[in-house]
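Asks: One structure, pasted below without further comment.
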Amino acid sequence: MTSTSPAATAPLDASQVLQQLHWRYATKKFDPARKIPAHTWHALEQSLVLAPSSFGLQPWKFFVIRNPEIRQQLQGAAWGQSQVVDASHLVVLAIKQDVNAGDVAPYLDRMADVRQTAKENLQGLENMIKGFLKEPPFPLDPNAWSARQVYIALGFFLYSAAMLGVDACPMEGFVPAQVNEILGLPEQGYGAVVLCAAGYRAADDKYADMAKVRFQTEEVVQYID
């Protein structure tokens with residue numbers, strides 16, 4: 001589906017944003033009977049697609065696991081955590097392994113198509129990205145770099161879920177090698193980095209009403225004038 005840039009709209013009210021951020025938490029127990037409506041899930045899906053990445057290169061893929069049997073297998077690889085099978089949706093956020101200069105051309109082909117410009121007009125950008133990947137200005141582990149991009153997408157997903165009143169739980173508690181094997185990711189050139197379950201909290205999740213524990217603002221935010 002081709003997307004177009006929407007016109008700017010009035011921003012959300014600041015108090016509403018804060019209310020939803022206080023409302024959200026890493027949900028430990030989901031209601032398996034409640035499913036995310038299709039139109040709401042579309043917005044969450046697009047929050048992943050629209051997430052920013054360095055150079056816009058998008059060194060990732062998001063695997064949405066709908067097969068119940070596969071989710072049962074993944075639960076075994078995720079230390080038995082119930083969120084994997086009980087949540088409405090389960091997303092495996094994965095990196096493209098060993099991203100390199102060869103991954104630049106497909107991105108620029110897409111850019112030329114979307115922006116209706118000649119590929120030659122993007123030569124400067126192509127040289128810059130390839131130069132960065134080949135000889136970065138600092139020591140660079142390509143997979144660690146890509147993982148940092150994936151966490152930006154995760155943040156977009158979590159924020160969007162909160163704004164839509166959808167519960168979510170990011171999960172690093174799993175064995176990547178097992179998840180990769182179950183989903184056949186290495187054969188596709190990808191590797192799992194983090195999981196995220198999304199759906200609706202169970203009425204008896206004891207964590208839902210616990211007060212958030214955060215350091216005082218002045219301890220974690222410093223203004224430099």
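By order in the structure tokens, chains are A, B, ...; within a chain, residues start at 1; ligands start at 1, following the order shown.
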Might you pull out every residue within 10 Å of region 152-154 of chain A, with only C-alpha atoms counted and same-chain residues fewer than 2 positions away left off, and present them as JSON, numbers by chain?

Replies: {"A": [47, 48, 49, 50, 51, 52, 53, 54, 58, 60, 62, 91, 93, 147, 148, 149, 150, 156, 157, 158, 159, 160, 170, 194, 195, 196]}

Asks: Show me, as number ranges by chain, the residues that have an atom within 12 Å of Ala161 (chain A) when counting only C-alpha atoms, minus same-chain residues fewer than 3 positions from it.

Replies: A: 17, 20-21, 23-27, 36, 40-48, 89, 154-158, 164-170, 196-200

Asks: With only C-alpha atoms as the atoms that count, which of A:Gln81, A:Ser15, A:Gln72, A:Asn67 lies nearest to Gly173 (chain A)?

Replies: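 Closest to Gly173 (chain A) of all the choices is A:Gln81.
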
Asks: Using only C-alpha atoms, find the one residue out of A:Leu57, A:Ser82, A:Asp204, A:Phe215 that sits nearest to Leu133 (chain A).

Replies: A:Leu57

Asks: Select, from A:Ala118, A:Met171, A:Ile95, A:Ala112, the residue with the minimum atom-to-atom distance to Leu185 (chain A), counting only C-alpha atoms.

Replies: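 Among A:Ala118, A:Met171, A:Ile95, A:Ala112, it is A:Ile95 that comes nearest to Leu185 (chain A).
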
Asks: Grab the CA of Glu181 (chain A) to CA of Ser146 (chain A) distance for me, in Å with one decimal place.

Replies: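 Interatomic distance, CA of Glu181 (chain A) to CA of Ser146 (chain A): 20.0 Å.
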